[in-house]
Structures are given as C-alpha cells and as structure tokens.
$ cat work.tsv   # TSV, C-alpha atoms
chain	number	residue	atom	x	y	z
A	16	MET	CA	63.81	-147.11	10.19
A	17	GLU	CA	62.69	-149.27	7.27
A	18	PRO	CA	62.18	-152.94	8.18
A	19	ALA	CA	65.03	-155.12	6.88
A	20	SER	CA	62.63	-157.40	5.00
A	21	THR	CA	61.11	-154.51	3.05
A	22	LEU	CA	64.54	-153.06	2.31
A	23	ALA	CA	65.77	-156.46	1.15
A	24	ASP	CA	62.85	-156.72	-1.28
A	25	ARG	CA	63.64	-153.30	-2.74
A	26	LEU	CA	67.31	-154.16	-3.08
A	27	ASP	CA	66.48	-157.48	-4.69
A	28	ALA	CA	64.27	-155.69	-7.21
A	29	ALA	CA	67.22	-153.44	-8.11
A	30	LEU	CA	69.53	-156.37	-8.89
A	31	PRO	CA	69.76	-157.82	-12.42
A	32	GLN	CA	68.76	-161.34	-11.27
A	33	THR	CA	71.48	-163.12	-13.21
A	34	GLN	CA	71.97	-165.36	-10.11
A	35	CYS	CA	75.67	-165.55	-11.04
A	36	THR	CA	76.91	-165.79	-7.39
A	37	ARG	CA	79.88	-163.52	-8.17
A	38	CYS	CA	78.85	-161.33	-5.24
A	39	GLY	CA	79.77	-164.21	-2.93
A	40	TYR	CA	76.17	-165.13	-2.11
A	41	PRO	CA	74.12	-168.05	-3.47
A	42	ASP	CA	71.67	-165.81	-5.33
A	43	CYS	CA	70.50	-162.21	-5.78
A	44	LYS	CA	67.96	-162.48	-2.98
A	45	ALA	CA	70.59	-163.62	-0.48
A	46	TYR	CA	72.86	-160.74	-1.49
A	47	ALA	CA	69.98	-158.28	-1.11
A	48	GLN	CA	69.24	-159.62	2.36
A	49	ALA	CA	72.91	-159.30	3.33
A	50	MET	CA	72.94	-155.67	2.19
A	51	ALA	CA	69.73	-154.96	4.09
A	52	ASN	CA	71.28	-156.47	7.21
A	53	GLY	CA	74.39	-154.33	6.83
A	54	GLU	CA	76.51	-157.42	6.19
A	55	ALA	CA	77.54	-156.67	2.60
A	56	GLU	CA	78.64	-153.64	0.61
A	57	ILE	CA	76.61	-152.39	-2.33
A	58	ASN	CA	79.42	-152.77	-4.87
A	59	ARG	CA	79.62	-156.55	-5.32
A	60	CYS	CA	77.45	-157.04	-8.43
A	61	PRO	CA	79.44	-157.00	-11.71
A	62	PRO	CA	76.36	-157.62	-13.92
A	63	GLY	CA	74.71	-154.50	-12.48
A	64	GLY	CA	77.88	-152.48	-12.91
A	65	ALA	CA	78.26	-148.83	-11.98
A	66	GLU	CA	74.60	-148.04	-12.66
A	67	GLY	CA	73.57	-150.92	-10.43
A	68	ILE	CA	75.69	-149.53	-7.61
A	69	GLN	CA	74.03	-146.13	-8.05
A	70	ARG	CA	70.60	-147.78	-7.78
A	71	LEU	CA	71.58	-149.61	-4.60
A	72	SER	CA	73.12	-146.42	-3.22
A	73	ALA	CA	69.86	-144.53	-3.78
A	74	ILE	CA	67.88	-147.24	-1.96
A	75	THR	CA	70.23	-147.68	0.99
A	76	GLY	CA	71.44	-144.11	1.37
A	77	ARG	CA	75.00	-145.39	1.37
A	78	ALA	CA	77.76	-143.71	-0.62
A	79	ALA	CA	78.35	-145.17	-4.06
A	80	LEU	CA	81.58	-147.13	-4.30
A	81	ALA	CA	83.68	-148.39	-7.17
A	82	LEU	CA	82.88	-151.94	-8.18
A	83	ASP	CA	84.71	-154.49	-6.05
A	84	THR	CA	86.90	-156.13	-8.67
A	85	THR	CA	87.42	-159.22	-6.52
A	86	CYS	CA	83.86	-160.08	-7.63
A	87	GLY	CA	84.60	-159.45	-11.30
A	88	ILE	CA	84.50	-156.54	-13.72
A	89	GLU	CA	81.66	-154.80	-15.53
A	90	GLY	CA	81.37	-155.92	-19.11
A	91	PRO	CA	79.00	-156.79	-21.96
A	92	ARG	CA	76.33	-159.39	-21.34
A	93	ASN	CA	77.49	-162.84	-22.39
A	94	LEU	CA	75.60	-165.73	-23.91
A	95	ALA	CA	76.44	-169.37	-23.27
A	96	ILE	CA	77.13	-171.35	-26.45
A	97	ILE	CA	77.34	-175.16	-26.42
A	98	ASP	CA	79.57	-176.83	-29.01
A	99	GLU	CA	77.21	-179.52	-30.24
A	100	ALA	CA	80.06	-181.57	-31.69
A	101	TRP	CA	81.59	-182.05	-28.22
A	102	CYS	CA	78.51	-182.19	-25.99
A	103	ILE	CA	78.18	-185.64	-24.37
A	104	GLY	CA	74.71	-185.07	-22.88
A	105	CYS	CA	75.81	-185.33	-19.23
A	106	THR	CA	73.05	-182.88	-18.08
A	107	LEU	CA	75.38	-181.17	-15.56
A	108	CYS	CA	74.91	-177.80	-17.26
A	109	ILE	CA	71.13	-178.23	-17.12
A	110	LYS	CA	71.31	-178.74	-13.36
A	111	ALA	CA	73.63	-175.74	-12.92
A	112	CYS	CA	71.58	-173.26	-14.97
A	113	PRO	CA	69.60	-171.02	-12.58
A	114	ALA	CA	67.19	-169.93	-15.30
A	115	ASP	CA	66.44	-173.37	-16.74
A	116	CYS	CA	67.40	-172.11	-20.19
A	117	ILE	CA	69.40	-175.18	-21.25
A	118	VAL	CA	67.38	-177.96	-22.82
A	119	GLY	CA	68.32	-181.53	-23.62
A	120	ALA	CA	68.26	-185.01	-22.16
A	121	SER	CA	70.73	-187.53	-20.82
A	122	LYS	CA	73.22	-188.68	-23.50
A	123	LEU	CA	71.67	-186.27	-26.01
A	124	MET	CA	73.00	-182.96	-27.24
A	125	HIS	CA	72.02	-179.86	-25.20
A	126	THR	CA	71.32	-176.36	-26.42
A	127	VAL	CA	70.83	-172.92	-24.85
A	128	ILE	CA	67.63	-170.90	-25.27
A	129	GLU	CA	69.37	-167.65	-26.13
A	130	ALA	CA	66.59	-165.25	-25.13
A	131	GLN	CA	66.52	-166.66	-21.59
A	132	CYS	CA	70.26	-166.93	-20.88
A	133	THR	CA	71.39	-164.48	-18.16
A	134	GLY	CA	75.08	-164.92	-18.89
A	135	CYS	CA	75.73	-166.18	-15.36
A	136	GLU	CA	78.51	-168.54	-16.56
A	137	LEU	CA	77.61	-171.20	-13.97
A	138	CYS	CA	77.34	-173.83	-16.70
A	139	VAL	CA	80.94	-173.38	-17.81
A	140	PRO	CA	82.89	-174.90	-14.87
A	141	VAL	CA	80.61	-177.95	-14.52
A	142	CYS	CA	81.05	-179.10	-18.13
A	143	PRO	CA	83.42	-182.11	-18.08
A	144	VAL	CA	84.41	-181.76	-21.73
A	145	ASP	CA	84.79	-177.96	-21.80
A	146	CYS	CA	82.31	-177.52	-24.65
A	147	ILE	CA	80.63	-174.34	-23.35
A	148	SER	CA	81.93	-170.88	-24.20
A	149	MET	CA	80.68	-167.41	-23.33
A	150	VAL	CA	80.20	-164.94	-26.18
A	151	ALA	CA	79.52	-161.22	-25.71
A	152	VAL	CA	76.22	-160.26	-27.34
A	153	THR	CA	75.67	-156.61	-26.37
A	154	GLY	CA	78.59	-154.88	-28.06
A	155	VAL	CA	79.90	-152.00	-25.96
A	156	ALA	CA	76.81	-151.91	-23.73
A	157	THR	CA	77.58	-153.06	-20.19
A	158	GLY	CA	75.78	-153.39	-16.86
A	159	TRP	CA	72.18	-152.27	-16.92
A	160	GLN	CA	72.72	-150.85	-20.42
A	161	ALA	CA	73.09	-154.47	-21.55
A	162	TRP	CA	70.10	-155.71	-19.57
A	163	SER	CA	66.55	-154.56	-18.84
A	164	ALA	CA	63.95	-154.65	-16.08
A	165	PRO	CA	61.67	-157.03	-18.05
A	166	GLN	CA	64.59	-159.41	-18.57
A	167	ALA	CA	65.42	-159.25	-14.86
A	168	ASP	CA	61.79	-159.91	-13.93
A	169	GLU	CA	61.65	-162.95	-16.21
A	170	ALA	CA	64.97	-164.23	-14.86
A	171	ARG	CA	63.66	-163.90	-11.29
A	172	GLU	CA	60.53	-165.88	-12.17
A	173	ARG	CA	62.55	-168.56	-13.96
A	174	TYR	CA	64.92	-168.84	-11.00
A	175	ALA	CA	61.98	-169.26	-8.60
A	176	TRP	CA	60.63	-172.04	-10.83
A	177	HIS	CA	64.11	-173.62	-10.99
A	178	GLN	CA	64.34	-173.63	-7.18
A	179	GLN	CA	60.88	-175.17	-6.89
A	180	ARG	CA	61.72	-177.84	-9.47
A	181	MET	CA	65.00	-178.73	-7.79
A	182	GLN	CA	63.29	-179.01	-4.40
A	183	ARG	CA	60.55	-181.21	-5.85
A	184	ASP	CA	63.05	-183.43	-7.70
A	185	LYS	CA	65.09	-183.86	-4.53
A	186	ALA	CA	62.01	-184.75	-2.48
A	187	GLU	CA	60.84	-187.25	-5.11
A	188	ASN	CA	64.28	-188.86	-5.18
A	189	GLU	CA	64.35	-189.12	-1.39
A	190	GLU	CA	60.88	-190.64	-1.46
A	191	ARG	CA	61.96	-193.22	-4.06
A	192	LEU	CA	65.04	-194.16	-2.02
A	193	ALA	CA	63.04	-194.42	1.21
A	194	ALA	CA	60.40	-196.57	-0.50
A	195	LYS	CA	63.15	-198.81	-1.89
A	196	ALA	CA	64.60	-199.16	1.61
A	197	GLN	CA	61.15	-199.95	2.97
A	198	HIS	CA	60.75	-202.77	0.43
A	199	LYS	CA	64.20	-204.04	1.36
A	200	LEU	CA	63.23	-204.03	5.03
A	201	ALA	CA	60.06	-205.98	4.30
A	202	ASP	CA	62.14	-208.52	2.40
A	203	LEU	CA	64.54	-208.79	5.34
A	204	GLN	CA	61.65	-209.35	7.72
A	205	GLN	CA	60.45	-212.26	5.58
A	206	HIS	CA	63.70	-213.91	4.55
A	207	SER	CA	66.57	-212.61	6.69
A	208	SER	CA	68.17	-214.25	9.69
A	209	ILE	CA	67.69	-210.99	11.63
A	210	THR	CA	65.25	-211.89	14.38
A	211	ASP	CA	65.71	-208.97	16.78
A	212	PRO	CA	62.30	-207.20	16.69
A	213	ASP	CA	63.76	-204.06	18.25
A	214	MET	CA	66.37	-203.76	15.47
A	215	LEU	CA	63.75	-204.22	12.77
A	216	ALA	CA	61.43	-201.72	14.44
A	217	ALA	CA	64.23	-199.17	14.68
A	218	LYS	CA	65.08	-199.56	10.99
A	219	LYS	CA	61.43	-199.23	10.05
A	220	ALA	CA	61.09	-196.05	12.13
A	221	VAL	CA	64.08	-194.49	10.35
A	222	ILE	CA	62.63	-195.36	6.93
A	223	ASP	CA	59.15	-194.11	7.83
A	224	ALA	CA	60.64	-190.82	9.05
A	225	ALA	CA	62.58	-190.43	5.80
A	226	LEU	CA	59.42	-191.03	3.78
A	227	ALA	CA	57.52	-188.48	5.86
A	228	ARG	CA	60.24	-185.85	5.37
A	229	ALA	CA	60.30	-186.43	1.62
A	230	ARG	CA	56.52	-186.09	1.37
A	231	VAL	CA	56.55	-182.83	3.35
A	232	LYS	CA	59.26	-181.41	1.07
A	233	ARG	CA	57.36	-182.50	-2.03
A	234	ALA	CA	54.14	-180.91	-0.76
A	235	ALA	CA	56.00	-177.67	0.02
A	236	ALA	CA	57.51	-177.62	-3.48
A	237	ASP	CA	54.12	-178.19	-5.11
A	238	GLN	CA	52.59	-175.31	-3.10
A	239	ALA	CA	55.44	-172.86	-3.77
$ encode --input "work.tsv" --output "structure tokens"
Amino acid sequence: MEPASTLADRLDAALPQTQCTRCGYPDCKAYAQAMANGEAEINRCPPGGAEGIQRLSAITGRAALALDTTCGIEGPRNLAIIDEAWCIGCTLCIKACPADCIVGASKLMHTVIEAQCTGCELCVPVCPVDCISMVAVTGVATGWQAWSAPQADEARERYAWHQQRMQRDKAENEERLAAKAQHKLADLQQHSSITDPDMLAAKKAVIDAALARARVKRAAADQA
C-alpha cells in the first residue's frame, strides 16, 4: 500500500492550487492530505472540475463522482478586479490573497496582478467597502481547461512564499511586542512601587519566553 505522505503529494500535485478553501480545508495541501487519509471525497474541488475529479480518481483508484455542489460549481476562471475609485487602502485584501498578487500600501489604492490571480475569491468577503468584483476571463473554458499545470505550479510556489512571509511577519510582530513589554518591565523595576522581586521575576520570565518563541518562529520562517 502506498504511504499516505507519498499519496498526498501526488494528490496535491493534481490539484489546481487556487487555495480557494471551497473544499472545506485551509489549502490544497490539507485537502490532499485528507483524501490520502481517507477522510475526504475526491469531488470537493470546483476549480478542478470534472477533469480534476478524473485525475484524483486515477491516482486514488476511487470511483469518479459528480462534483459536490455544496462546495461550489465548475465554471470559468475568474479574475479579481479592484474598483480604484472606492478602494480605501485598508490592506485586508492583501493579507487574504494566498498568492500575494495584490499590491499596494496602507491608505493607498491597491491593484491585482492579473497574471498571478488564481480566482480564489478570498479577497472579496474581507473588503469593507465592497470594491472587489470577480470577472470571468476564460470564456466557456472551465476547470482544468481554464487553467494549466505551469499556472498551478507558480500558484503553489507563491502560496508557499505567502505562508513563509505571514509566519515571519507574525514572529517579528510578536518579537516587537515582547521587546516593548521588556522595556516596560525595566521601567517598572526602576520607577514603580512594585517591590515584590518574585512578581517582577515572574513577569520577566514570561516576557523572555515570548521573545524566545518569536525568535524561533522567525528563524524557522527564514529557513523555510
């Protein structure tokens, strides 16, 4: 019997890598692992469509099923379009995009790099001013007819970079907060009425532990 990890890798390679989460899992890799573990059916990926189900069927040996419409329907590939006149520069869409294909800065207009957009739609619900729309760009072509292996490979690489960046940003933020708390503690030690050495030592231990965790996460992100 094929090891689950190897099977999961093969299933992941057969998915379109839109990272849309419509399958009910946080990303394509998690869905692939669930299928390999026998925890998920092979018909939960609308972007892959009927052809995608056939590919997963061939890999798993399971019977091909009709697409589970509770996950969505097969359709043309969509492109996210930001209405520049309404964009307030909140950056929420940038954080939500799994392919890092939205560029912009805080309080400045954002735009989508069309060639890199996977059509995942994750940017739409987070926009507070409803200025993002999805436009079909592949005509009548749907599923894998509207996508390609090179596009999926690039999307996978961009998602891996996105995950690494998010992990590094989180670690750096935790490190900044812990350092700020450490400075606050030092100030308390010098000027506060708190004289209990055990209390101060306990607070310092908590802050030092938080700093250590943040540095470990940052190092892991840099090595990924």
$ residues_around --input "work.tsv" --residues "Cys86 in chain A" --least-positions-apart "3" --cutoff "7 Å" --atoms "all atoms listed in the file" --output "ChimeraX atom specification"
/A:37-38,59,61,83
$ residues_around --input "work.tsv" --residues "range 102-110 of chain A" --least-positions-apart "3" --cutoff "10 Å" --atoms "all atoms listed in the file" --output "PyMOL selection string"
chain A and resi 97-99+113-127+136-147+177+181
$ write_last_selection --input "work.tsv" --atoms "C-alpha atoms" --output "compact mmCIF listing (two decimals), in the frame of the given file"
# COMPACT_ATOMS: atom_id res chain seq x y z
CA ILE A 97 77.34 -175.16 -26.42
CA ASP A 98 79.57 -176.83 -29.01
CA GLU A 99 77.21 -179.52 -30.24
CA PRO A 113 69.60 -171.02 -12.58
CA ALA A 114 67.19 -169.93 -15.30
CA ASP A 115 66.44 -173.37 -16.74
CA CYS A 116 67.40 -172.11 -20.19
CA ILE A 117 69.40 -175.18 -21.25
CA VAL A 118 67.38 -177.96 -22.82
CA GLY A 119 68.32 -181.53 -23.62
CA ALA A 120 68.26 -185.01 -22.16
CA SER A 121 70.73 -187.53 -20.82
CA LYS A 122 73.22 -188.68 -23.50
CA LEU A 123 71.67 -186.27 -26.01
CA MET A 124 73.00 -182.96 -27.24
CA HIS A 125 72.02 -179.86 -25.20
CA THR A 126 71.32 -176.36 -26.42
CA VAL A 127 70.83 -172.92 -24.85
CA GLU A 136 78.51 -168.54 -16.56
CA LEU A 137 77.61 -171.20 -13.97
CA CYS A 138 77.34 -173.83 -16.70
CA VAL A 139 80.94 -173.38 -17.81
CA PRO A 140 82.89 -174.90 -14.87
CA VAL A 141 80.61 -177.95 -14.52
CA CYS A 142 81.05 -179.10 -18.13
CA PRO A 143 83.42 -182.11 -18.08
CA VAL A 144 84.41 -181.76 -21.73
CA ASP A 145 84.79 -177.96 -21.80
CA CYS A 146 82.31 -177.52 -24.65
CA ILE A 147 80.63 -174.34 -23.35
CA HIS A 177 64.11 -173.62 -10.99
CA MET A 181 65.00 -178.73 -7.79
$ residues_around --input "work.tsv" --residues "Ile74 in chain A" --least-positions-apart "2" --cutoff "12 Å" --atoms "all atoms listed in the file" --output "VMD selection string"
chain A and resid 17 21 to 30 47 50 to 51 57 67 to 72 76 to 79
$ closest_residue --input "work.tsv" --among "A:Glu129, A:Glu172, A:Glu187, A:Glu89" --to "Ala65 in chain A" --atoms "only C-alpha atoms"
A:Glu89
$ atom_distance --input "work.tsv" --atom1 "CA of Gln48 in chain A" --atom2 "CA of Trp162 in chain A"
22.3 Å
$ atom_distance --input "work.tsv" --atom1 "CA of Gln182 in chain A" --atom2 "CA of Ile128 in chain A"
22.8 Å
$ closest_residue --input "work.tsv" --among "A:Cys135, A:Gly53, A:Glu66, A:Met149" --to "Ala95 in chain A" --atoms "all atoms listed in the file"
A:Met149
$ residues_around --input "work.tsv" --residues "Glu169 in chain A" --least-positions-apart "5" --cutoff "10 Å" --atoms "all atoms listed in the file" --output "mmCIF file with C-alpha atoms, keeping the file's coordinate frame"
data_model
loop_
_atom_site.group_PDB
_atom_site.id
_atom_site.type_symbol
_atom_site.label_atom_id
_atom_site.label_comp_id
_atom_site.auth_asym_id
_atom_site.auth_seq_id
_atom_site.Cartn_x
_atom_site.Cartn_y
_atom_site.Cartn_z
ATOM 1 C CA GLN A 32 68.760 -161.340 -11.270
ATOM 2 C CA ALA A 114 67.190 -169.930 -15.300
ATOM 3 C CA GLN A 131 66.520 -166.660 -21.590
ATOM 4 C CA ALA A 164 63.950 -154.650 -16.080
ATOM 5 C CA TYR A 174 64.920 -168.840 -11.000
ATOM 6 C CA ALA A 175 61.980 -169.260 -8.600
#
$ atom_distance --input "work.tsv" --atom1 "CA of Gly87 in chain A" --atom2 "CA of Asn58 in chain A"
10.6 Å
